[in-house]
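> Next up, coords02.txt (compact mmCIF, C-alpha atoms and all ligand atoms).
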```txt
# COMPACT_ATOMS: atom_id res chain seq x y z
CA MET A 1 -38.13 -62.85 41.79
CA LYS A 2 -40.35 -59.87 42.48
CA LEU A 3 -41.52 -59.70 38.86
CA TYR A 4 -43.04 -63.17 39.17
CA SER A 5 -44.34 -62.81 42.76
CA SER A 6 -45.12 -59.50 44.49
CA LEU A 7 -45.09 -57.59 41.17
CA ALA A 8 -46.81 -60.26 39.07
CA SER A 9 -50.01 -58.22 38.72
CA TRP A 10 -47.90 -55.61 36.88
CA TRP A 11 -46.71 -58.14 34.27
CA PRO A 12 -49.41 -57.23 31.66
CA LEU A 13 -48.02 -53.67 31.69
CA LEU A 14 -44.47 -54.90 31.06
CA SER A 15 -45.34 -57.26 28.24
CA SER A 16 -48.53 -57.67 26.21
CA PRO A 17 -49.90 -60.49 24.00
CA ALA A 18 -49.71 -58.33 20.85
CA GLU A 19 -45.89 -58.21 21.17
CA TYR A 20 -45.78 -62.02 20.85
CA ALA A 21 -48.08 -62.52 17.86
CA ASP A 22 -45.53 -62.59 15.02
CA GLU A 23 -42.90 -64.67 16.78
CA VAL A 24 -45.42 -67.20 18.05
CA GLU A 25 -46.63 -67.69 14.48
CA LYS A 26 -43.04 -68.57 13.50
CA TYR A 27 -42.66 -70.95 16.45
CA TRP A 28 -45.91 -72.69 15.54
CA ARG A 29 -44.68 -73.13 11.97
CA LEU A 30 -41.42 -74.65 13.23
CA LEU A 31 -43.30 -77.04 15.51
CA SER A 32 -45.67 -78.05 12.71
CA ASP A 33 -42.88 -78.44 10.15
CA HIS A 34 -40.94 -80.83 12.39
CA ALA A 35 -43.86 -82.74 13.85
CA VAL A 36 -44.22 -86.36 12.81
CA ARG A 37 -47.82 -86.28 14.09
CA PRO A 38 -50.42 -83.49 14.03
CA ILE A 39 -50.07 -81.15 17.00
CA GLU A 40 -53.43 -81.30 18.71
CA THR A 41 -52.15 -81.01 22.29
CA LEU A 42 -49.30 -78.76 23.45
CA LEU A 43 -47.64 -78.37 26.86
CA GLU A 44 -45.95 -75.07 27.68
CA LEU A 45 -43.29 -75.07 30.41
CA GLY A 46 -42.86 -71.65 32.06
CA CYS A 47 -45.92 -70.02 30.47
CA GLY A 48 -45.54 -66.84 32.56
CA GLY A 49 -48.42 -64.42 32.09
CA GLY A 50 -49.72 -66.45 29.15
CA ASN A 51 -48.93 -63.97 26.37
CA SER A 52 -47.75 -66.64 23.91
CA ALA A 53 -50.61 -68.86 25.01
CA VAL A 54 -53.12 -66.27 23.80
CA HIS A 55 -51.98 -67.08 20.25
CA LEU A 56 -51.16 -70.79 20.63
CA LYS A 57 -54.55 -71.69 22.10
CA ARG A 58 -56.17 -70.82 18.76
CA LYS A 59 -54.20 -73.64 17.14
CA CYS A 60 -54.41 -76.54 19.60
CA GLN A 61 -55.36 -77.63 23.11
CA LEU A 62 -52.92 -76.03 25.53
CA THR A 63 -51.77 -77.05 29.01
CA LEU A 64 -49.92 -74.21 30.75
CA THR A 65 -47.42 -74.68 33.56
CA ASP A 66 -45.23 -72.34 35.58
CA VAL A 67 -43.37 -72.43 38.88
CA SER A 68 -45.05 -69.18 40.01
CA PRO A 69 -48.67 -69.36 41.21
CA HIS A 70 -48.88 -65.58 40.78
CA MET A 71 -47.96 -65.76 37.09
CA LEU A 72 -50.41 -68.61 36.61
CA ASP A 73 -53.14 -66.32 38.02
CA VAL A 74 -52.20 -63.68 35.45
CA SER A 75 -52.32 -66.27 32.67
CA ARG A 76 -55.63 -67.69 33.91
CA SER A 77 -57.24 -64.28 33.54
CA LEU A 78 -56.12 -64.16 29.88
CA ASN A 79 -56.60 -67.85 29.11
CA PRO A 80 -59.42 -69.13 31.33
CA GLU A 81 -60.23 -71.95 28.93
CA CYS A 82 -56.73 -73.53 29.28
CA GLU A 83 -55.65 -75.94 31.97
CA HIS A 84 -53.06 -74.39 34.34
CA VAL A 85 -50.72 -76.44 36.52
CA GLU A 86 -48.12 -75.18 38.99
CA GLY A 87 -44.76 -76.88 38.57
CA ASP A 88 -41.02 -76.46 38.15
CA MET A 89 -39.86 -77.38 34.64
CA ARG A 90 -36.90 -79.24 36.14
CA THR A 91 -39.07 -81.72 38.03
CA LEU A 92 -42.64 -81.47 36.70
CA ARG A 93 -44.24 -84.80 35.82
CA LEU A 94 -47.83 -84.84 34.58
CA ASP A 95 -49.85 -87.95 33.81
CA GLY A 96 -50.51 -87.22 30.15
CA LEU A 97 -48.38 -87.09 27.00
CA PHE A 98 -48.53 -84.26 24.45
CA ASP A 99 -48.02 -83.94 20.71
CA GLY A 100 -45.74 -80.98 21.39
CA VAL A 101 -43.87 -79.18 24.17
CA PHE A 102 -43.01 -75.49 23.99
CA VAL A 103 -40.49 -73.70 26.21
CA GLN A 104 -39.87 -70.06 25.44
CA ASP A 105 -38.01 -67.41 27.44
CA ALA A 106 -38.54 -69.23 30.77
CA ILE A 107 -35.78 -71.65 29.72
CA GLN A 108 -33.32 -68.80 30.41
CA TYR A 109 -33.76 -69.46 34.11
CA MET A 110 -31.82 -72.73 33.79
CA LEU A 111 -28.37 -71.66 34.99
CA THR A 112 -26.30 -74.83 34.72
CA GLU A 113 -26.02 -77.69 32.24
CA ARG A 114 -27.54 -79.91 34.90
CA GLU A 115 -30.64 -77.69 35.13
CA LEU A 116 -30.92 -77.33 31.37
CA ARG A 117 -30.71 -81.07 31.01
CA GLN A 118 -33.45 -81.50 33.64
CA ALA A 119 -35.79 -79.15 31.73
CA ILE A 120 -35.05 -80.92 28.43
CA THR A 121 -35.76 -84.26 30.13
CA THR A 122 -39.12 -82.92 31.37
CA ALA A 123 -39.98 -81.96 27.79
CA PHE A 124 -38.89 -85.38 26.54
CA GLU A 125 -40.89 -87.24 29.19
CA HIS A 126 -44.06 -85.35 28.19
CA CYS A 127 -43.66 -85.80 24.42
CA ALA A 128 -45.70 -88.54 22.85
CA SER A 129 -43.81 -90.81 20.50
CA GLY A 130 -43.34 -88.83 17.28
CA GLY A 131 -43.89 -85.59 19.23
CA VAL A 132 -41.79 -82.45 18.97
CA ALA A 133 -40.33 -79.97 21.47
CA LEU A 134 -39.29 -76.39 20.72
CA PHE A 135 -36.91 -74.45 22.98
CA VAL A 136 -36.59 -70.70 22.48
CA PRO A 137 -33.78 -69.16 24.55
CA ASP A 138 -33.31 -65.41 24.14
CA TYR A 139 -29.65 -66.06 23.36
CA THR A 140 -27.06 -68.73 22.85
CA ALA A 141 -23.43 -68.07 23.86
CA GLU A 142 -22.78 -67.22 20.20
CA THR A 143 -25.64 -64.71 19.79
CA TRP A 144 -25.42 -63.04 23.20
CA ARG A 145 -24.57 -59.35 23.32
CA ALA A 146 -24.62 -56.74 26.05
CA CYS A 147 -27.58 -54.44 25.55
CA THR A 148 -30.26 -52.34 27.15
CA GLU A 149 -33.92 -52.42 26.37
CA HIS A 150 -36.85 -50.44 27.68
CA GLY A 151 -40.60 -50.44 27.37
CA GLY A 152 -43.84 -50.66 29.27
CA HIS A 153 -47.51 -49.82 28.96
CA ASP A 154 -50.33 -47.77 30.46
CA GLY A 155 -53.24 -49.60 32.04
CA GLU A 156 -56.37 -48.55 33.86
CA GLY A 157 -55.15 -46.25 36.64
CA ARG A 158 -51.62 -47.70 36.62
CA SER A 159 -48.60 -47.53 34.34
CA LEU A 160 -45.25 -49.29 34.20
CA ARG A 161 -41.99 -48.48 32.47
CA TYR A 162 -38.91 -50.68 32.69
CA LEU A 163 -35.25 -50.67 31.82
CA GLN A 164 -33.51 -54.00 31.22
CA TRP A 165 -29.74 -54.03 31.21
CA ASP A 166 -28.15 -57.30 30.02
CA TRP A 167 -24.47 -57.75 30.84
CA ASP A 168 -22.10 -60.52 31.73
CA PRO A 169 -19.99 -60.17 34.88
CA ASP A 170 -18.11 -63.43 34.18
CA PRO A 171 -17.87 -64.59 30.55
CA ALA A 172 -16.29 -67.85 31.75
CA ASP A 173 -19.47 -69.20 33.36
CA THR A 174 -22.88 -70.20 31.92
CA GLU A 175 -24.74 -67.14 33.21
CA TYR A 176 -25.34 -63.50 32.44
CA VAL A 177 -27.46 -61.01 34.34
CA ALA A 178 -30.40 -58.82 33.43
CA ASP A 179 -30.56 -55.88 35.82
CA MET A 180 -34.18 -54.76 35.84
CA VAL A 181 -35.52 -51.39 36.97
CA TYR A 182 -39.29 -51.01 37.17
CA VAL A 183 -40.94 -47.60 37.49
CA LEU A 184 -44.48 -48.06 38.76
CA ARG A 185 -47.16 -45.41 38.82
CA GLU A 186 -50.57 -45.84 40.38
CA GLY A 187 -53.34 -43.20 40.51
CA GLU A 188 -52.13 -39.72 41.39
CA ASP A 189 -49.23 -40.96 43.55
CA PRO A 190 -45.64 -40.24 42.53
CA PRO A 191 -44.01 -43.23 40.80
CA HIS A 192 -41.96 -45.63 42.82
CA VAL A 193 -38.99 -47.63 41.63
CA GLU A 194 -38.20 -51.30 42.13
CA TYR A 195 -34.95 -52.99 41.19
CA GLU A 196 -33.91 -56.61 40.89
CA ARG A 197 -31.28 -58.77 39.21
CA HIS A 198 -32.30 -61.78 37.11
CA ARG A 199 -29.62 -64.45 36.68
CA LEU A 200 -30.03 -66.09 33.29
CA GLY A 201 -28.39 -69.09 31.62
CA LEU A 202 -26.23 -68.96 28.52
CA PHE A 203 -25.21 -72.10 26.63
CA SER A 204 -23.46 -72.68 23.34
CA ARG A 205 -25.30 -74.12 20.40
CA SER A 206 -23.20 -77.28 20.62
CA THR A 207 -24.10 -77.71 24.31
CA TRP A 208 -27.79 -77.42 23.46
CA ILE A 209 -27.54 -80.00 20.68
CA ARG A 210 -25.48 -82.37 22.81
CA LEU A 211 -27.93 -82.22 25.75
CA LEU A 212 -30.97 -82.68 23.50
CA GLU A 213 -29.39 -85.72 21.88
CA GLU A 214 -28.17 -87.17 25.17
CA VAL A 215 -31.70 -86.97 26.55
CA GLY A 216 -33.00 -88.81 23.49
CA PHE A 217 -34.27 -86.20 21.01
CA ARG A 218 -33.26 -85.96 17.38
CA ALA A 219 -32.01 -82.38 17.61
CA SER A 220 -31.57 -79.45 15.27
CA ALA A 221 -30.82 -75.74 15.62
CA GLU A 222 -32.93 -73.39 13.54
CA ALA A 223 -32.47 -69.71 12.74
CA CYS A 224 -35.64 -67.80 13.50
CA GLN A 225 -36.11 -64.13 12.76
CA GLY A 226 -37.20 -62.45 16.00
CA THR A 227 -37.40 -58.69 16.13
CA PRO A 228 -36.52 -57.08 12.77
CA ASP A 229 -32.85 -56.63 13.75
CA GLU A 230 -32.39 -59.95 15.49
CA THR A 231 -32.14 -63.57 14.40
CA ARG A 232 -32.62 -66.10 17.17
CA THR A 233 -31.23 -69.61 17.37
CA VAL A 234 -33.97 -71.94 18.56
CA PHE A 235 -33.77 -75.68 19.15
CA VAL A 236 -36.08 -78.42 17.95
CA GLY A 237 -36.18 -81.92 19.42
CA VAL A 238 -38.11 -84.67 17.74
CA LYS A 239 -38.90 -87.74 19.79
CA ALA A 240 -38.49 -90.78 17.60
CA ARG A 241 -41.21 -93.35 17.97
CA ASP A 242 -40.60 -95.74 20.92
CA SER A 243 -37.58 -93.89 22.34
CA VAL A 244 -37.03 -93.57 26.10
CA ALA A 245 -35.09 -90.98 28.13
CA ARG A 246 -31.45 -91.92 28.52
CA GLU A 247 -29.43 -91.72 31.70
CA PRO A 248 -26.84 -88.94 31.82
CA ILE A 249 -23.58 -90.04 30.21
CA ASN A 250 -21.83 -88.49 33.19
CA ALA A 251 -22.80 -86.08 35.95
CA ARG A 252 -22.51 -82.58 34.52
CA SER A 253 -23.21 -79.84 36.98
CA ALA A 254 -21.67 -76.42 36.96
C1 LIG A 301 -40.48 -64.03 31.03
S1 LIG A 301 -41.68 -64.98 31.88
C2 LIG A 301 -42.45 -65.91 30.59
C3 LIG A 301 -43.38 -65.07 29.77
C4 LIG A 301 -44.16 -65.91 28.77
N1 LIG A 301 -43.33 -66.29 27.63
C5 LIG A 301 -45.44 -65.26 28.30
O1 LIG A 301 -45.82 -65.54 27.17
O2 LIG A 301 -46.09 -64.52 29.07
C6 LIG A 301 -40.64 -66.22 32.60
C7 LIG A 301 -41.41 -67.23 33.44
O3 LIG A 301 -40.54 -68.32 33.74
C8 LIG A 301 -41.00 -68.85 34.95
N2 LIG A 301 -39.99 -69.76 35.48
C9 LIG A 301 -38.76 -69.46 35.96
N3 LIG A 301 -38.14 -70.57 36.39
C10 LIG A 301 -38.99 -71.60 36.17
C11 LIG A 301 -38.93 -72.99 36.43
N4 LIG A 301 -37.86 -73.54 37.00
N5 LIG A 301 -40.00 -73.76 36.08
C12 LIG A 301 -41.11 -73.20 35.53
N6 LIG A 301 -41.22 -71.87 35.27
C13 LIG A 301 -40.17 -71.09 35.59
C14 LIG A 301 -41.27 -67.63 35.81
O4 LIG A 301 -42.08 -67.93 36.91
C15 LIG A 301 -41.93 -66.71 34.78
O5 LIG A 301 -43.32 -66.81 34.86
```
Using the file provided, produce a representation of the structure as structure tokens.
Ligand SMILES: C[S@@+](CC[C@H](N)C(=O)[O-])C[C@H]1O[C@@H](n2cnc3c(N)ncnc32)[C@H](O)[C@@H]1O

Amino acid sequence: MKLYSSLASWWPLLSSPAEYADEVEKYWRLLSDHAVRPIETLLELGCGGGNSAVHLKRKCQLTLTDVSPHMLDVSRSLNPECEHVEGDMRTLRLDGLFDGVFVQDAIQYMLTERELRQAITTAFEHCASGGVALFVPDYTAETWRACTEHGGHDGEGRSLRYLQWDWDPDPADTEYVADMVYVLREGEDPPHVEYERHRLGLFSRSTWIRLLEEVGFRASAEACQGTPDETRTVFVGVKARDSVAREPINARSA
């Protein structure tokens, strides 16, 4: 996607760390409340531009991963003290284990149950025994609604405004789309417009819980107040001491 490749340097003008402060505080509380061991090390899958990391790194030692080298560069400039590793959350395997694993909006890029299960398995494989994983999808099938959103910021010599239009062409599948329009202005030049479609995954709460438990987590769904008018459903997986990842019960691919 352009936003995470050729347009990645514009990311800080689409989304800023300050917008993440309150929600990250809630996510940290959820992680801490469910953890069986103190969270001293945390792995983030799909860290993007590192906006959540800005807040999380004050609480523990963070390892940040993303499939996009361009987004990792953006995050490195905000979080130079954190380790950054390029990798796909479906297949990433690092040597170490972590007290916690955090997967925020990047989880939306898992489009099928098979992919979601792969990402959950990656989290499980990197959790130390007694560790905890938190998954924060923007929506579940139950909370999804068609909507538009807009925003953006002014930087030094460049500005961005965007319109995001979430809608669902086929309610029968596990995807919806976010049509994104970016208006980019640099220096004195007239703005130019970029468009792209993000395909995003949508799974029911029961699917989430089933996959988490099949992989080996003790799973729960938690209500978490996001923006003032929105309550999110987020998912917590606790890895019981001495548990190992289970094989799929059957092959589930969409
Ligand atoms: C909306 S951004 C994340 C923003 C992030 N929460 C922050 O604090 O800046 C979504 C990110 O998911 C990443 N992503 C998408 N698919 C991925 C995958 N399969 N594995 C790892 N990262 C992925 C993209 O490269 C992008 O950086």
> Using all atoms listed in the file, which protein or nucleic acid residues are at most 7 Å from ligand LIG 301 (chain A), as a tab-separated table (two decimals) with C-alpha atoms, in the frame of the given file?

```tsv
chain	number	residue	atom	x	y	z
A	4	TYR	CA	-43.04	-63.17	39.17
A	45	LEU	CA	-43.29	-75.07	30.41
A	46	GLY	CA	-42.86	-71.65	32.06
A	47	CYS	CA	-45.92	-70.02	30.47
A	48	GLY	CA	-45.54	-66.84	32.56
A	49	GLY	CA	-48.42	-64.42	32.09
A	50	GLY	CA	-49.72	-66.45	29.15
A	51	ASN	CA	-48.93	-63.97	26.37
A	52	SER	CA	-47.75	-66.64	23.91
A	53	ALA	CA	-50.61	-68.86	25.01
A	65	THR	CA	-47.42	-74.68	33.56
A	66	ASP	CA	-45.23	-72.34	35.58
A	67	VAL	CA	-43.37	-72.43	38.88
A	68	SER	CA	-45.05	-69.18	40.01
A	71	MET	CA	-47.96	-65.76	37.09
A	87	GLY	CA	-44.76	-76.88	38.57
A	88	ASP	CA	-41.02	-76.46	38.15
A	89	MET	CA	-39.86	-77.38	34.64
A	90	ARG	CA	-36.90	-79.24	36.14
A	104	GLN	CA	-39.87	-70.06	25.44
A	105	ASP	CA	-38.01	-67.41	27.44
A	106	ALA	CA	-38.54	-69.23	30.77
A	109	TYR	CA	-33.76	-69.46	34.11
A	110	MET	CA	-31.82	-72.73	33.79
```
> Could you work out how far atom CA of A:Trp165 lies from atom CA of A:Glu142, giving the answer in Å with one decimal?
18.5 Å
> Just to confirm, what's the straight-line distance from atom CA of A:Val103 to atom CA of A:Pro80 in Å (one decimal)?
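For atom CA of A:Val103 relative to atom CA of A:Pro80, the distance reads 20.1 Å.
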> Residues at most 10 Å from stretch 8-17 of chain A, counting all atoms listed in the file, excluding those fewer than 3 positions away in the same chain, as a ChimeraX atom specification?
/A:1-5,20-21,48-55,68-75,78,150-155,158-162,182,184
> Would you compute, for all listed atoms of stretch 209-222 of chain A, the axis-aligned bounding box grown by 5 Å on each side, and then report its centre and edge lengths in Å rounded to one decimal, as JSON?

```
{"center_x": -29.9, "center_y": -81.1, "center_z": 20.0, "size_x": 18.8, "size_y": 25.4, "size_z": 23.0}
```
> What is the atom CA of A:Val101-atom CA of A:Glu23 distance in Å, reported with one decimal?
16.3 Å
> Using only C-alpha atoms, which of A:Glu86, A:Asp138, A:Glu186, A:Glu40 sits nearest A:Val234?
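Ranked by minimum distance to A:Val234, first place goes to A:Asp138.
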> Calculated over only C-alpha atoms, which of the candidates A:Arg199, A:Lys57, A:Arg145, A:His126 has the smallest distance to A:Asp99?
A:His126
> Which polymer residues, whether protein, DNA or RNA, lie within 7 Å of the coordinate (-47.6, -81.4, 20.5) when you count only C-alpha atoms? List them as a VMD selection string, using the chain letters and numbers from the file.
chain A and resid 39 to 42 98 to 101 131 to 132
> Supply stretch 22-52 of chain A as a short mmCIF file (atom, residue, chain, number, x, y, z; two decimals), in the frame of the given file, with N, CA and C atoms built in where the input has gaps.

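To be explicit, this is the file written out as rebuild-v3.cif:
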```cif
data_model
loop_
_atom_site.label_atom_id
_atom_site.label_comp_id
_atom_site.auth_asym_id
_atom_site.auth_seq_id
_atom_site.Cartn_x
_atom_site.Cartn_y
_atom_site.Cartn_z
N ASP A 22 -46.31 -62.20 16.21
CA ASP A 22 -45.53 -62.59 15.02
C ASP A 22 -44.57 -63.73 15.35
N GLU A 23 -43.88 -63.62 16.48
CA GLU A 23 -42.90 -64.67 16.78
C GLU A 23 -43.58 -65.99 17.07
N VAL A 24 -44.73 -65.95 17.75
CA VAL A 24 -45.42 -67.20 18.05
C VAL A 24 -45.86 -67.89 16.77
N GLU A 25 -46.25 -67.12 15.78
CA GLU A 25 -46.63 -67.69 14.48
C GLU A 25 -45.44 -68.46 13.88
N LYS A 26 -44.24 -67.88 14.02
CA LYS A 26 -43.04 -68.57 13.50
C LYS A 26 -42.75 -69.84 14.29
N TYR A 27 -42.93 -69.76 15.61
CA TYR A 27 -42.66 -70.95 16.45
C TYR A 27 -43.66 -72.06 16.13
N TRP A 28 -44.91 -71.67 15.88
CA TRP A 28 -45.91 -72.69 15.54
C TRP A 28 -45.55 -73.36 14.22
N ARG A 29 -45.06 -72.56 13.28
CA ARG A 29 -44.68 -73.13 11.97
C ARG A 29 -43.53 -74.12 12.14
N LEU A 30 -42.55 -73.74 12.99
CA LEU A 30 -41.42 -74.65 13.23
C LEU A 30 -41.89 -75.95 13.86
N LEU A 31 -42.76 -75.84 14.87
CA LEU A 31 -43.30 -77.04 15.51
C LEU A 31 -44.01 -77.90 14.48
N SER A 32 -44.87 -77.29 13.69
CA SER A 32 -45.67 -78.05 12.71
C SER A 32 -44.77 -78.68 11.64
N ASP A 33 -43.75 -77.92 11.21
CA ASP A 33 -42.88 -78.44 10.15
C ASP A 33 -42.09 -79.66 10.61
N HIS A 34 -41.77 -79.71 11.90
CA HIS A 34 -40.94 -80.83 12.39
C HIS A 34 -41.77 -81.97 12.96
N ALA A 35 -43.04 -81.73 13.18
CA ALA A 35 -43.86 -82.74 13.85
C ALA A 35 -44.08 -83.95 12.94
N VAL A 36 -43.97 -85.12 13.55
CA VAL A 36 -44.22 -86.36 12.81
C VAL A 36 -45.71 -86.70 12.92
N ARG A 37 -46.39 -86.07 13.90
CA ARG A 37 -47.82 -86.28 14.09
C ARG A 37 -48.48 -84.91 14.19
N PRO A 38 -49.77 -84.80 13.91
CA PRO A 38 -50.42 -83.49 14.03
C PRO A 38 -50.35 -82.99 15.47
N ILE A 39 -50.17 -81.69 15.63
CA ILE A 39 -50.07 -81.15 17.00
C ILE A 39 -51.47 -80.73 17.45
N GLU A 40 -52.10 -81.61 18.18
CA GLU A 40 -53.43 -81.30 18.71
C GLU A 40 -53.36 -80.90 20.18
N THR A 41 -52.33 -81.38 20.88
CA THR A 41 -52.15 -81.01 22.29
C THR A 41 -50.73 -80.47 22.47
N LEU A 42 -50.61 -79.40 23.25
CA LEU A 42 -49.30 -78.76 23.45
C LEU A 42 -49.14 -78.40 24.92
N LEU A 43 -47.98 -78.71 25.47
CA LEU A 43 -47.64 -78.37 26.86
C LEU A 43 -46.64 -77.21 26.83
N GLU A 44 -46.94 -76.14 27.56
CA GLU A 44 -45.95 -75.07 27.68
C GLU A 44 -45.34 -75.10 29.08
N LEU A 45 -44.02 -75.12 29.14
CA LEU A 45 -43.29 -75.07 30.41
C LEU A 45 -42.85 -73.63 30.64
N GLY A 46 -43.23 -73.05 31.78
CA GLY A 46 -42.86 -71.65 32.06
C GLY A 46 -43.69 -70.69 31.23
N CYS A 47 -45.01 -70.81 31.33
CA CYS A 47 -45.92 -70.02 30.47
C CYS A 47 -45.99 -68.56 30.88
N GLY A 48 -45.50 -68.23 32.10
CA GLY A 48 -45.54 -66.84 32.56
C GLY A 48 -46.95 -66.31 32.57
N GLY A 49 -47.10 -65.06 32.10
CA GLY A 49 -48.42 -64.42 32.09
C GLY A 49 -49.32 -64.88 30.96
N GLY A 50 -48.86 -65.86 30.16
CA GLY A 50 -49.72 -66.45 29.15
C GLY A 50 -49.84 -65.65 27.87
N ASN A 51 -48.84 -64.80 27.58
CA ASN A 51 -48.93 -63.97 26.37
C ASN A 51 -48.79 -64.80 25.09
N SER A 52 -47.86 -65.75 25.08
CA SER A 52 -47.75 -66.64 23.91
C SER A 52 -48.98 -67.53 23.81
#
```
